[in-house]
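Chemist: File model_14.txt below, compact mmCIF, C-alpha atoms:
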# COMPACT_ATOMS: atom_id res chain seq x y z
CA MET A 1 154.13 117.87 109.09
CA ILE A 2 155.84 119.95 106.42
CA LYS A 3 158.07 122.65 107.87
CA GLY A 4 156.29 126.00 108.05
CA GLU A 5 152.85 124.49 107.59
CA VAL A 6 150.22 125.68 110.04
CA PRO A 7 148.36 122.72 111.51
CA LYS A 8 144.61 122.71 111.44
CA GLY A 9 142.72 122.49 114.72
CA ASN A 10 144.29 122.82 118.10
CA LEU A 11 147.98 123.56 117.66
CA ALA A 12 148.80 122.83 121.26
CA LYS A 13 147.24 119.39 120.95
CA VAL A 14 149.27 118.61 117.83
CA THR A 15 152.63 119.93 118.92
CA GLY A 16 152.26 119.86 122.68
CA ARG A 17 153.06 123.52 122.99
CA VAL A 18 151.20 126.80 122.98
CA PRO A 19 152.04 128.91 119.91
CA LYS A 20 153.61 132.30 120.41
CA GLY A 21 153.02 135.32 118.23
CA ASN A 22 150.93 135.62 115.10
CA LEU A 23 151.00 132.42 113.08
CA GLY A 24 148.43 133.71 110.63
CA PHE A 25 145.38 132.23 112.29
CA HIS A 26 143.33 133.06 115.34
CA ARG A 27 143.95 131.04 118.44
CA MET A 28 140.75 130.31 120.28
CA LYS A 29 140.26 132.38 123.43
CA ALA A 30 137.70 132.18 126.20
CA LEU A 31 136.59 134.55 128.92
CA ILE A 32 135.08 132.45 131.70
CA PHE A 33 132.47 134.21 133.85
CA ASP A 34 131.92 133.59 137.53
CA SER A 35 128.47 134.44 138.91
CA SER A 36 129.84 137.39 140.86
CA THR A 37 130.91 139.26 137.71
CA LEU A 38 127.68 138.59 135.83
CA ILE A 39 125.71 139.71 138.88
CA THR A 40 127.65 143.00 139.14
CA LEU A 41 127.17 143.73 135.45
CA SER A 42 123.52 142.74 135.52
CA MET A 43 122.63 144.79 138.60
CA ASN A 44 124.22 147.82 136.95
CA SER A 45 122.39 147.28 133.65
CA LEU A 46 125.77 146.77 131.98
CA LEU A 47 125.13 143.43 130.31
CA ASP A 48 124.84 145.23 126.96
CA ILE A 49 128.56 145.92 126.98
CA LEU A 50 129.17 142.18 126.91
CA ALA A 51 127.23 141.88 123.66
CA GLU A 52 129.25 144.75 122.20
CA LEU A 53 132.58 143.41 123.43
CA LYS A 54 131.73 139.97 122.07
CA LYS A 55 131.45 141.42 118.56
CA LYS A 56 135.08 142.51 118.77
CA PHE A 57 136.35 139.50 120.68
CA ASN A 58 137.96 136.65 118.81
CA GLY A 59 136.75 134.02 121.19
CA LYS A 60 133.94 132.88 123.41
CA PHE A 61 132.34 134.12 126.60
CA ILE A 62 131.68 131.01 128.68
CA VAL A 63 129.64 130.13 131.74
CA THR A 64 129.75 126.78 133.49
CA GLU A 65 126.63 124.88 134.52
CA PRO A 66 126.86 125.87 138.25
CA VAL A 67 127.29 129.53 137.24
CA LYS A 68 124.26 129.28 134.95
CA TYR A 69 122.30 127.91 137.90
CA GLU A 70 123.35 130.80 140.17
CA THR A 71 122.73 133.52 137.61
CA VAL A 72 119.73 132.20 135.70
CA SER A 73 117.90 129.13 137.00
CA HIS A 74 117.94 130.05 140.71
CA PRO A 75 117.22 133.82 140.53
CA MET A 76 114.47 133.11 138.00
CA LYS A 77 112.50 131.84 141.01
CA ILE A 78 113.16 134.99 143.10
CA LYS A 79 110.86 137.86 142.13
CA ARG A 80 113.43 140.48 143.07
CA PHE A 81 116.07 139.11 140.69
CA GLU A 82 113.87 137.50 138.06
CA LEU A 83 114.36 140.29 135.52
CA GLU A 84 118.15 140.17 135.88
CA ALA A 85 118.07 136.41 135.43
CA LEU A 86 115.99 136.81 132.27
CA ARG A 87 118.52 139.30 130.91
CA ILE A 88 121.40 136.92 131.47
CA ASN A 89 119.35 134.15 129.91
CA GLU A 90 118.91 136.34 126.82
CA LEU A 91 122.69 136.49 126.51
CA LEU A 92 122.73 132.71 126.53
CA LEU A 93 119.95 132.48 123.94
CA SER A 94 121.74 134.94 121.67
CA LYS A 95 125.02 133.05 122.18
CA VAL A 96 126.84 136.04 123.64
CA LEU A 97 127.36 133.67 126.56
CA GLU A 98 127.94 130.02 125.75
CA MET A 99 128.32 126.79 127.62
CA PRO A 100 131.64 124.86 127.75
CA SER A 101 130.24 122.32 125.29
CA SER A 102 130.66 124.99 122.60
CA LEU A 103 134.39 124.43 123.05
CA GLY A 104 134.02 120.68 123.08
CA ILE A 105 134.38 120.47 126.88
CA LYS A 106 132.10 117.98 128.59
CA ASP A 107 130.43 118.67 131.94
CA ASP A 108 131.91 115.43 133.33
CA GLU A 109 135.39 116.73 132.66
CA ILE A 110 134.62 120.00 134.47
CA ASP A 111 132.94 118.17 137.36
CA TYR A 112 135.99 115.98 137.85
CA GLU A 113 138.41 118.93 137.88
CA THR A 114 136.02 120.97 140.07
CA LYS A 115 135.97 118.26 142.74
CA LYS A 116 139.75 118.10 142.63
CA ILE A 117 140.02 121.87 143.10
CA LEU A 118 137.46 121.90 145.92
CA GLY A 119 139.39 119.14 147.68
CA ILE A 120 142.64 121.07 147.55
CA ALA A 121 141.32 124.61 148.05
CA ASN A 122 139.11 123.67 150.98
CA ALA A 123 142.00 121.95 152.74
CA GLU A 124 144.53 124.73 152.18
CA PHE A 125 143.83 126.47 155.50
CA SER A 126 142.86 124.95 158.82
CA SER A 127 142.29 125.89 162.42
CA GLY A 128 142.22 123.56 165.40
CA GLY A 129 142.67 120.59 163.08
CA ARG A 130 139.60 121.47 161.02
CA ASN A 131 139.80 122.55 157.39
CA ILE A 132 138.32 125.92 156.50
CA HIS A 133 135.98 125.51 153.57
CA LEU A 134 136.63 128.57 151.47
CA ILE A 135 135.00 128.13 148.10
CA GLU A 136 132.02 126.43 146.46
CA GLU A 137 131.24 124.62 143.27
CA GLY A 138 130.47 127.66 141.10
CA GLU A 139 133.76 129.41 141.79
CA ALA A 140 135.75 126.17 141.58
CA SER A 141 134.11 125.25 138.26
CA CYS A 142 135.45 128.47 136.68
CA VAL A 143 138.98 127.67 137.77
CA ALA A 144 138.49 124.05 136.70
CA LEU A 145 137.44 125.13 133.22
CA SER A 146 140.38 127.53 133.03
CA LYS A 147 142.80 124.71 133.79
CA ILE A 148 141.16 122.39 131.26
CA LEU A 149 141.26 125.05 128.54
CA SER A 150 144.88 125.90 129.28
CA LYS A 151 145.84 122.26 128.91
CA LYS A 152 144.14 122.28 125.54
CA GLY A 153 146.08 125.38 124.50
CA ILE A 154 143.04 127.66 124.65
CA GLU A 155 144.03 131.03 126.07
CA ASN A 156 141.64 132.08 128.79
CA ILE A 157 140.93 134.45 131.67
CA VAL A 158 138.47 134.07 134.52
CA ALA A 159 136.23 137.05 135.30
CA VAL A 160 135.56 136.99 139.04
CA ASP A 161 134.39 139.86 141.25
CA GLU A 162 134.31 138.05 144.59
CA ARG A 163 137.67 138.24 146.29
CA THR A 164 138.35 134.89 147.97
CA THR A 165 138.88 132.85 144.79
CA ARG A 166 141.06 135.58 143.30
CA MET A 167 143.14 135.89 146.48
CA LEU A 168 143.54 132.13 146.76
CA TYR A 169 145.07 131.90 143.30
CA GLU A 170 146.93 135.19 143.04
CA LYS A 171 148.17 135.72 146.60
CA PRO A 172 147.30 132.82 148.91
CA LEU A 173 149.61 134.24 151.56
CA ASN A 174 147.52 137.42 151.64
CA LEU A 175 144.44 135.30 152.18
CA HIS A 176 146.26 133.52 155.01
CA LYS A 177 147.03 136.88 156.63
CA LEU A 178 143.45 138.05 156.15
CA LEU A 179 142.04 134.90 157.77
CA GLU A 180 144.37 135.22 160.77
CA LYS A 181 143.61 138.91 161.14
CA LYS A 182 139.85 138.52 160.92
CA LEU A 183 139.48 135.29 162.86
CA HIS A 184 141.92 136.34 165.61
CA ARG A 185 143.60 132.96 165.75
CA LYS A 186 146.44 130.98 164.28
CA ILE A 187 145.53 129.54 160.92
CA SER A 188 147.63 126.71 159.50
CA ILE A 189 148.50 126.76 155.83
CA ASN A 190 149.33 123.73 153.70
CA LYS A 191 152.45 125.10 152.03
CA ASN A 192 152.96 121.94 149.97
CA ASN A 193 149.86 122.76 147.96
CA LEU A 194 150.73 126.39 147.27
CA ILE A 195 152.20 125.32 143.95
CA PHE A 196 148.71 124.29 142.91
CA PHE A 197 147.39 127.86 143.11
CA LYS A 198 148.87 129.40 140.01
CA ASP A 199 148.48 129.77 136.28
CA VAL A 200 144.97 131.18 136.43
CA ALA A 201 144.47 134.76 135.25
CA PHE A 202 141.69 136.93 136.62
CA ILE A 203 139.93 140.13 135.69
CA ARG A 204 136.88 141.77 137.25
CA SER A 205 133.82 143.61 135.99
CA SER A 206 135.77 146.85 136.51
CA GLU A 207 138.37 145.84 133.95
CA ILE A 208 135.65 144.72 131.53
CA ALA A 209 133.89 148.07 131.97
CA TYR A 210 137.20 149.90 131.45
CA VAL A 211 137.90 148.12 128.15
CA ALA A 212 134.33 148.79 126.98
CA TYR A 213 134.71 152.44 127.89
CA LYS A 214 138.07 152.82 126.15
CA LYS A 215 136.69 151.14 123.03
CA GLY A 216 133.79 153.59 122.91
CA LEU A 217 131.19 150.94 123.70
CA VAL A 218 129.68 152.87 126.59
CA LYS A 219 127.33 155.54 125.34
CA LEU A 220 127.74 157.92 128.24
CA HIS A 221 129.52 161.25 128.52
CA ASN A 222 131.21 163.33 131.23
CA SER A 223 132.49 161.25 134.14
CA ALA A 224 131.41 157.90 132.69
CA LEU A 225 134.54 155.98 133.69
CA ASP A 226 134.33 157.11 137.31
CA ALA A 227 130.64 156.21 137.38
CA LEU A 228 131.21 152.80 135.79
CA LEU A 229 134.01 151.77 138.11
CA TYR A 230 132.26 152.85 141.30
CA ALA A 231 129.02 151.25 140.12
CA THR A 232 130.78 147.88 139.90
CA LYS A 233 132.27 148.38 143.36
CA PHE A 234 128.91 149.20 144.95
CA LYS A 235 127.32 146.06 143.54
CA GLY A 236 129.90 143.71 145.00
CA ASN A 237 133.04 143.93 142.85
CA SER A 238 136.05 143.58 145.12
CA ILE A 239 137.97 146.60 143.90
CA SER A 240 139.33 149.19 146.29
CA GLN A 241 138.83 152.91 146.01
CA GLU A 242 142.60 153.23 145.65
CA GLU A 243 142.56 150.89 142.63
CA ILE A 244 139.69 152.81 141.02
CA GLU A 245 141.52 156.10 141.36
CA GLU A 246 144.62 154.51 139.83
CA ILE A 247 142.62 153.20 136.87
CA LYS A 248 141.19 156.66 136.28
CA ARG A 249 144.72 158.07 136.05
CA LEU A 250 145.76 155.61 133.31
CA MET B 1 128.01 122.11 167.56
CA GLN B 2 131.27 124.05 167.72
CA GLU B 3 132.33 126.15 170.72
CA LYS B 4 129.25 125.37 172.79
CA GLU B 5 130.48 127.35 175.81
CA ASN B 6 130.71 130.48 173.69
CA VAL B 7 127.12 130.04 172.51
CA ILE B 8 125.94 129.49 176.11
CA ASP B 9 127.72 132.65 177.16
CA ILE B 10 126.17 134.59 174.26
CA LEU B 11 122.66 133.42 175.13
CA GLU B 12 123.16 134.27 178.83
CA ARG B 13 124.41 137.74 177.97
CA THR B 14 121.57 138.16 175.49
CA LYS B 15 119.09 137.76 178.37
CA GLY B 16 120.93 140.47 180.31
CA ALA B 17 121.12 142.78 177.30
CA VAL B 18 117.36 142.46 176.72
CA LYS B 19 116.66 143.32 180.37
CA GLU B 20 118.95 146.36 180.12
CA GLY B 21 117.63 147.30 176.68
CA ASP B 22 121.22 147.27 175.43
CA ILE B 23 120.76 146.98 171.66
CA LEU B 24 124.43 147.59 170.87
CA LEU B 25 125.46 144.69 173.08
CA LEU B 26 123.02 142.43 171.25
CA LYS B 27 124.64 143.33 167.94
CA ASP B 28 128.12 142.74 169.36
CA LEU B 29 127.06 139.39 170.80
CA SER B 30 125.67 138.32 167.43
CA ASN B 31 129.09 138.92 165.88
CA ARG B 32 130.83 136.70 168.42
CA THR B 33 129.69 133.57 166.60
CA VAL B 34 130.86 134.80 163.20
CA HIS B 35 134.41 133.54 163.74
CA THR B 36 133.20 130.07 164.58
CA ALA B 37 130.69 130.11 161.74
CA SER B 38 133.44 131.12 159.30
CA ILE B 39 135.89 128.45 160.37
CA TYR B 40 133.56 125.53 160.92
CA ALA B 41 130.61 126.49 158.70
CA ASP B 42 128.56 125.62 161.76
CA PRO B 43 124.80 126.13 161.22
CA ASP B 44 124.05 126.30 164.96
CA ASN B 45 126.41 129.24 165.46
CA ILE B 46 124.92 130.92 162.39
CA ALA B 47 121.36 130.42 163.66
CA VAL B 48 122.25 131.98 167.02
CA ALA B 49 123.95 134.92 165.32
CA VAL B 50 120.86 135.58 163.19
CA ALA B 51 118.44 135.16 166.12
CA VAL B 52 120.37 137.51 168.43
CA TYR B 53 121.00 140.13 165.75
CA SER B 54 117.34 140.07 164.68
CA LEU B 55 116.26 140.46 168.30
CA GLY B 56 118.40 143.60 168.56
CA LYS B 57 116.89 145.00 165.38
CA ILE B 58 113.34 144.20 166.50
CA LEU B 59 113.79 145.80 169.94
CA GLU B 60 115.38 148.84 168.29
CA ARG B 61 112.22 149.62 166.32
CA GLU B 62 109.85 151.36 168.69
CA LYS B 63 107.03 151.31 166.13
CA TYR B 64 106.79 147.53 166.34
CA LYS B 65 105.66 147.89 169.94
CA GLU B 66 102.45 149.46 168.67
CA TYR B 67 101.37 146.20 167.06
CA GLY B 68 98.76 144.30 169.07
CA GLN B 69 100.74 141.07 168.87
CA TRP B 70 103.96 142.65 170.15
CA ASN B 71 103.83 141.42 173.76
CA SER B 72 103.01 137.81 172.97
CA PHE B 73 105.55 137.71 170.16
CA ILE B 74 108.48 139.06 172.14
CA LYS B 75 107.54 136.87 175.12
CA GLY B 76 107.49 133.81 172.86
CA TYR B 77 110.78 134.82 171.20
CA LEU B 78 112.59 135.23 174.53
CA ALA B 79 111.08 131.98 175.84
CA CYS B 80 112.55 130.15 172.81
CA LEU B 81 116.01 131.59 173.54
CA ASP B 82 115.63 130.66 177.23
CA LYS B 83 114.69 127.09 176.44
CA ALA B 84 117.48 126.86 173.86
CA LEU B 85 119.92 127.95 176.56
CA ILE B 86 118.62 125.37 179.03
CA ALA B 87 118.82 122.65 176.37
CA LEU B 88 122.39 123.59 175.53
CA ARG B 89 123.45 123.61 179.15
CA GLY B 90 122.04 120.08 179.35
CA ASP B 91 123.88 119.03 176.19
CA ASP B 92 120.54 118.44 174.48
CA LEU B 93 121.45 119.66 171.02
CA GLU B 94 118.26 118.40 169.42
CA SER B 95 116.06 120.44 171.76
CA PHE B 96 118.34 123.44 171.32
CA ARG B 97 117.80 123.30 167.55
CA GLN B 98 114.07 122.82 167.97
CA GLU B 99 113.83 125.90 170.18
CA ILE B 100 115.77 128.04 167.73
CA GLU B 101 113.49 126.73 164.99
CA HIS B 102 110.44 127.59 167.12
CA ILE B 103 111.29 131.28 166.67
CA ASN B 104 110.13 130.80 163.08
CA GLY B 105 106.91 129.35 164.51
CA GLU B 106 106.44 132.53 166.56
CA ILE B 107 106.88 134.59 163.40
CA SER B 108 104.43 132.50 161.39
CA ARG B 109 101.78 133.13 164.06
CA LEU B 110 101.97 136.86 163.39
CA SER B 111 99.68 138.51 160.89
CA GLY B 112 99.63 141.40 158.45
CA ASN B 113 102.42 143.95 158.23
CA PHE B 114 103.94 142.91 161.52
CA ARG B 115 104.72 139.46 160.14
CA VAL B 116 106.10 140.91 156.89
CA ASN B 117 108.28 143.36 158.83
CA ILE B 118 109.68 140.69 161.14
CA GLN B 119 110.36 138.37 158.21
CA GLN B 120 112.28 141.19 156.56
CA VAL B 121 114.30 141.77 159.72
CA PHE B 122 115.32 138.11 159.70
CA ARG B 123 116.16 138.16 156.00
CA LYS B 124 118.29 141.25 156.46
CA ALA B 125 119.95 139.70 159.51
CA MET B 126 120.95 136.70 157.40
CA ILE B 127 122.41 138.97 154.73
CA ASN B 128 124.23 141.01 157.37
CA LYS B 129 125.80 137.90 158.91
CA ALA B 130 126.66 136.56 155.45
CA SER B 131 128.46 139.78 154.70
CA ARG B 132 130.46 139.43 157.93
CA ILE B 133 131.47 135.87 157.03
CA TYR B 134 132.46 136.96 153.51
CA GLU B 135 134.51 139.73 155.12
CA HIS B 136 136.34 137.03 157.11
CA GLY B 137 137.66 135.44 153.89
CA ILE B 138 135.04 132.86 152.93
CA SER B 139 133.91 133.07 149.30
CA MET B 140 130.69 134.70 148.23
CA GLN B 141 129.04 131.52 147.01
CA LYS B 142 130.11 129.48 150.01
CA THR B 143 128.78 132.14 152.37
CA ALA B 144 125.49 132.54 150.53
CA LYS B 145 124.98 128.79 150.67
CA LEU B 146 125.78 128.69 154.41
CA LEU B 147 123.16 131.32 155.20
CA GLY B 148 120.61 130.09 152.69
CA ILE B 149 120.47 133.41 150.90
CA SER B 150 120.99 134.33 147.27
CA ILE B 151 124.46 135.33 146.08
CA TRP B 152 122.70 138.33 144.48
CA GLU B 153 121.61 139.62 147.88
CA LEU B 154 125.09 139.15 149.30
CA ALA B 155 126.79 140.91 146.37
CA GLU B 156 124.45 143.86 146.66
CA TYR B 157 124.92 144.18 150.42
CA SER B 158 128.66 143.62 150.54
CA GLY B 159 129.14 146.27 147.85
CA GLN B 160 127.88 148.85 150.34
CA THR B 161 130.50 147.87 152.92
CA GLY B 162 134.21 148.56 153.09
CA ILE B 163 135.19 144.92 152.50
CA SER B 164 136.81 145.62 149.13
CA ASN B 165 138.97 148.43 150.50
CA VAL B 166 141.17 146.08 152.52
CA ASN B 167 144.76 146.33 151.23
CA LEU B 168 145.37 142.59 151.52
CA SER B 169 142.70 142.12 148.82
CA ILE B 170 144.94 143.80 146.26
CA THR B 171 146.62 140.79 144.70
CA LEU B 172 147.92 142.20 141.42
CA ASP B 173 148.96 145.66 140.33
CA VAL B 174 145.84 147.24 138.86
CA LYS B 175 147.77 148.56 135.85
CA GLU B 176 148.86 145.04 135.00
CA ARG B 177 145.33 143.70 135.34
CA ILE B 178 144.00 146.44 133.05
CA LYS B 179 146.76 145.68 130.53
CA ASN B 180 145.87 141.98 130.61
CA ALA B 181 142.20 142.75 130.09
CA MET B 182 142.83 145.17 127.27
CA GLU B 183 145.15 142.79 125.43
CA PHE B 184 142.95 139.78 125.94
CA LEU B 185 139.65 141.39 125.00
CA THR B 186 140.74 143.48 122.04
CA ARG B 187 143.59 141.60 120.40
Here is a file; write its structure as C-alpha cells.
Modeler:
Amino acid sequence: MIKGEVPKGNLAKVTGRVPKGNLGFHRMKALIFDSSTLITLSMNSLLDILAELKKKFNGKFIVTEPVKYETVSHPMKIKRFELEALRINELLLSKVLEMPSSLGIKDDEIDYETKKILGIANAEFSSGGRNIHLIEEGEASCVALSKILSKKGIENIVAVDERTTRMLYEKPLNLHKLLEKKLHRKISINKNNLIFFKDVAFIRSSEIAYVAYKKGLVKLHNSALDALLYATKFKGNSISQEEIEEIKRL
Amino acid sequence: MQEKENVIDILERTKGAVKEGDILLLKDLSNRTVHTASIYADPDNIAVAVAVYSLGKILEREKYKEYGQWNSFIKGYLACLDKALIALRGDDLESFRQEIEHINGEISRLSGNFRVNIQQVFRKAMINKASRIYEHGISMQKTAKLLGISIWELAEYSGQTGISNVNLSITLDVKERIKNAMEFLTR
C-alpha cells in the first residue's frame, strides 16, 4: 500500500488495527439492540426516536435473530403485545433496524460465539457445586455480535436495559455481591474467567432518549427530559432514580 | 428436585396458614423457594412458589367466595397441595408433579368470570415470582423463560418495583455513559 493511501473496505482487516481519528472516511458503526431496550422504547411509544436518530447516525441499528424472535415473532402471537411487535417489525421493514447479515455477519458465526459466551457466563458463579445460569440466548447473542464486530474493526455499543448482562460485563464483582446478598449464601466466583468480561460497551434506553432529546428529536415541551427518563425506568430500564436526577443536572 | 425438605416445610406451613387465614404468611412462604429457583432454575420450586402465592391471592379476595363454584374449587385446590405433600414425603416426585399440575385441572373446571379471574391470578403470580428471581440477579430473558412468561410482561412489572434503585446495579458513572452515547450516536 502506498504511504498515506486510505485502504478501501475494512481498515482493521487490512492493517490489523483499528484506525484512530478522522482518516477522511466514515468507519462503520453499529448499535446492537437487546430485547429489553426495544421493549422499553416500544411500550413508551418512543420507537419513532430511533427512526429519527438513524437519519443522523453513520451506522446501523442491528438486532440479532433471537432478539427479533423476542420482540417481533413471539409477541405477535400475544394479543396484548401484538401492536408493539408490529411497530418493531415496521422498523425492520423500513430498515431502521437491520439484521447482522447487513454487515456481512452470518447467523452461524453469531450462534457459535453465543454458545461460547453462554458457556462461560453461566459458569461464572456457582453455589453448592452447581452453576448459576444467569443469561439466555438473546442477551448473549448481543454480546456475541459485539465481540464479532469489534474483531472486524466495527465500532459498536450494545443497548441493554436489563441489568444482569450489563453488570456481568461492567462490574462482575458487583453482581457477585448482589447474588450473595439476595440469595443469603456463599456464591463462588470463577476469577480466572473475569478477564473474559470486558471490552463490551453498553447504553440503555435512557441514554438513547437523552441523546434524542438533546438533538431536538423529541417534540415535547416543559419537563420532557424528566418524563422521558422516568418513563424508561417504569417500563423496565434498570436505571436508578439517583442516576436520572444526575442526568437531568447535566 | 432441589431442597426437597424446604418444599415439604413450605407445604406443611401452607396448610396451617390456610387454616389460620394467614394470607401474609402464604406470601412469605411463596418467597422461600425463590432462592432455590434462582440458583438451580428448578421448575418444581417455581411451581410451588406460584401455587402458594396464588392461593394467598385467591383467599384474599372475599368476592371470589360469592361464586357458586368457590367451595368445590378451594377444596380441590387444597386437596392437590395435600396430595403433593404426601407424594413428596414419600419421595414420589412424579406424583408430586402430577398433583401440582392437577391445580390447573381444577381451574379448567371453573366457568365464566371465576375461571378468567383465577387464571389472571395465576398469570400475575408467575410475573410476580419472575420479578423476584430477576431481582435476585438472574437476567430478564432467563427469568421469563423459567416462568414461561413473556419478557414484555416481566419488563413492565419489574419497572414498577425498586429493583433498579439498588446501588450495586450502578456499574458505570452515568455521566460517562451519557458521554459515550452522545459521541457514538451523533459523531
Chemist: Which residue out of B:Leu168, B:Ser131, B:Gly56, B:Gly162 has the minimum interatomic distance to Glu180 in chain A when all atoms listed in the file are used?
Modeler: B:Leu168
Chemist: Dump as a list in words all residues having an atom at most 10 Å from (135.0, 128.4, 159.3), computed in the file's coordinates with all atoms listed in the file.
Modeler: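 Answer for this query, in the requested form: Phe125, Ser126, Ser127, Arg130, Asn131, Ile132, His133, Leu134, Leu179 and Leu183 of chain A; Val34, His35, Thr36, Ala37, Ser38, Ile39, Tyr40, Ala41, Asp42, Ile133, His136, Gly137 and Ile138 of chain B.
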Chemist: Check which residues of chain A sit at most 8 Å from chain B using all atoms listed in the file, and return one row each with the closest pair of atoms and their distance in Å to one decimal, ordered by chain and rising number, as a Markdown table.
Modeler:
| residue | atom | partner | partner_atom | distance |
| --- | --- | --- | --- | --- |
| A:Ser36 | CA | B:Ala155 | CA | 7.2 |
| A:Ile39 | CA | B:Trp152 | CA | 6.5 |
| A:Thr40 | CA | B:Ala155 | CA | 7.6 |
| A:Leu53 | CA | B:Leu185 | CA | 7.5 |
| A:Lys56 | CA | B:Thr186 | CA | 6.6 |
| A:Phe57 | CA | B:Leu185 | CA | 5.8 |
| A:Asn58 | CA | B:Arg187 | CA | 7.7 |
| A:Glu70 | CA | B:Ile151 | CA | 7.5 |
| A:Pro75 | CA | B:Ser150 | CA | 7.7 |
| A:Phe81 | CA | B:Trp152 | CA | 7.7 |
| A:Ser126 | CA | B:Ile39 | CA | 8.0 |
| A:Ser127 | CA | B:Ile39 | CA | 7.2 |
| A:Arg130 | CA | B:Tyr40 | CA | 7.3 |
| A:Asn131 | CA | B:Ile39 | CA | 7.7 |
| A:Ile132 | CA | B:Ile39 | CA | 5.2 |
| A:His133 | CA | B:Ile39 | CA | 7.4 |
| A:Leu134 | CA | B:Ile138 | CA | 4.8 |
| A:Ile135 | CA | B:Ser139 | CA | 5.2 |
| A:Glu136 | CA | B:Lys142 | CA | 5.1 |
| A:Gly138 | CA | B:Gln141 | CA | 7.2 |
| A:Glu139 | CA | B:Gln141 | CA | 7.3 |
| A:Glu162 | CA | B:Met140 | CA | 6.1 |
| A:Arg163 | CA | B:Ser169 | CA | 6.8 |
| A:Thr164 | CA | B:Ser139 | CA | 5.0 |
| A:Thr165 | CA | B:Ser139 | CA | 6.7 |
| A:Arg166 | CA | B:Thr171 | CA | 7.7 |
| A:Met167 | CA | B:Thr171 | CA | 6.3 |
| A:Glu170 | CA | B:Thr171 | CA | 5.8 |
| A:Lys171 | CA | B:Thr171 | CA | 5.6 |
| A:Asn174 | CA | B:Leu168 | CA | 5.6 |
| A:Leu175 | CA | B:Gly137 | CA | 7.0 |
| A:Lys177 | CA | B:Leu168 | CA | 7.8 |
| A:Leu178 | CA | B:Gly137 | CA | 6.7 |
| A:Leu179 | CA | B:Gly137 | CA | 5.9 |
| A:Lys182 | CA | B:His136 | CA | 5.4 |
| A:Leu183 | CA | B:His35 | CA | 5.4 |
| A:Phe202 | CA | B:Arg177 | CA | 7.8 |
| A:Ile203 | CA | B:Arg177 | CA | 6.5 |
| A:Glu207 | CA | B:Ile178 | CA | 5.7 |
| A:Ile208 | CA | B:Ala181 | CA | 7.0 |
| A:Tyr210 | CA | B:Ile178 | CA | 7.8 |
| A:Val211 | CA | B:Met182 | CA | 5.8 |
| A:Lys233 | CA | B:Gly159 | CA | 5.9 |
| A:Phe234 | CA | B:Gly159 | CA | 4.1 |
| A:Lys235 | CA | B:Gly159 | CA | 4.7 |
| A:Gly236 | CA | B:Gly159 | CA | 3.9 |
| A:Asn237 | CA | B:Gly159 | CA | 6.8 |
| A:Ser238 | CA | B:Ser164 | CA | 4.6 |
| A:Ile239 | CA | B:Ser164 | CA | 5.4 |
| A:Ser240 | CA | B:Asn165 | CA | 4.3 |
| A:Gln241 | CA | B:Asn165 | CA | 6.3 |
| A:Glu242 | CA | B:Asn165 | CA | 7.7 |
| A:Glu243 | CA | B:Val174 | CA | 6.2 |
| A:Glu246 | CA | B:Val174 | CA | 7.4 |
| A:Ile247 | CA | B:Lys175 | CA | 7.0 |
| A:Leu250 | CA | B:Lys175 | CA | 7.8 |
Chemist: Extending 8 Å beyond the listed atoms of range 33-36 of chain A on each side, what axis-aligned box results? I want centre and edge lengths in Å to one decimal, as JSON.
Modeler:
{"center_x": 130.5, "center_y": 135.5, "center_z": 137.4, "size_x": 20.0, "size_y": 19.8, "size_z": 23.0}
Chemist: Go through B:Lys27, B:Lys57, B:Leu85, B:Glu66 one by one, measure the shortest atom-to-atom distance of each to Lys15 in chain B using all atoms listed in the file, and give the residue with the smallest value.
Modeler: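 Under the stated criterion, the closest residue is B:Leu85.
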Chemist: What does the distance from CA of Ser94 in chain A to CA of Ile110 in chain A come to in Å, to one decimal?
Modeler: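 That distance, rounded to one decimal, is 23.5 Å.
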Chemist: Would you mind telling me which residue in B:Ala79, B:Glu62, B:Asn128, B:Arg32 lies nearest to Asp9 in chain B when using only C-alpha atoms?
Modeler: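 Going through B:Ala79, B:Glu62, B:Asn128, B:Arg32 one by one, the smallest distance to Asp9 in chain B is for B:Arg32.
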Chemist: Between B:Lys19, B:Ile46, B:Gly68, B:Val7, which has the minimum distance to Asn113 in chain B (counting all atoms listed in the file)?
Modeler: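 Looking at the shortest contact to Asn113 in chain B, the residue is B:Gly68.
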Chemist: Mind pulling up the distance from CA of Val50 in chain B to CA of Cys80 in chain B?
Modeler: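 A separation of 13.8 Å between them.
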Chemist: What is the distance between CA of Trp70 in chain B and CA of Asn104 in chain B, in Å to one decimal?
Modeler: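 Between these atoms lies a distance of 15.1 Å.
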Chemist: Restricting the calculation to all atoms listed in the file, which member of B:Met126, B:Phe114, B:Asp28, B:Glu176 is positioned closest to Ala47 in chain B?
Modeler: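 Looking only at the distances to Ala47 in chain B, the closest residue turns out to be B:Met126.
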Chemist: Just checking: using only C-alpha atoms, which residue out of A:Leu50, A:Ile120, A:Met99, A:Met43 ends up closest to Arg80 in chain A?
Modeler: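 So, comparing all the options, the nearest one is A:Met43.
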Chemist: I'd like the neighbourhood of Ala144 in chain A as a PyMOL selection string, where a residue qualifies if any of its atoms comes within 8 Å (using all atoms listed in the file), though same-chain residues fewer than 2 positions away should be ignored.
Modeler: chain A and resi 110+113-114+117+140-142+146-148
Chemist: Would you output that residue set with C-alpha atoms, as a PDB file, in the coordinates of the input?
Modeler:
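Result saved to selection29.pdb:
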ATOM      1  CA  ILE A 110     134.620 120.000 134.470  1.00  0.00           C
ATOM      2  CA  GLU A 113     138.410 118.930 137.880  1.00  0.00           C
ATOM      3  CA  THR A 114     136.020 120.970 140.070  1.00  0.00           C
ATOM      4  CA  ILE A 117     140.020 121.870 143.100  1.00  0.00           C
ATOM      5  CA  ALA A 140     135.750 126.170 141.580  1.00  0.00           C
ATOM      6  CA  SER A 141     134.110 125.250 138.260  1.00  0.00           C
ATOM      7  CA  CYS A 142     135.450 128.470 136.680  1.00  0.00           C
ATOM      8  CA  SER A 146     140.380 127.530 133.030  1.00  0.00           C
ATOM      9  CA  LYS A 147     142.800 124.710 133.790  1.00  0.00           C
ATOM     10  CA  ILE A 148     141.160 122.390 131.260  1.00  0.00           C
TER      11      ILE A 148
END
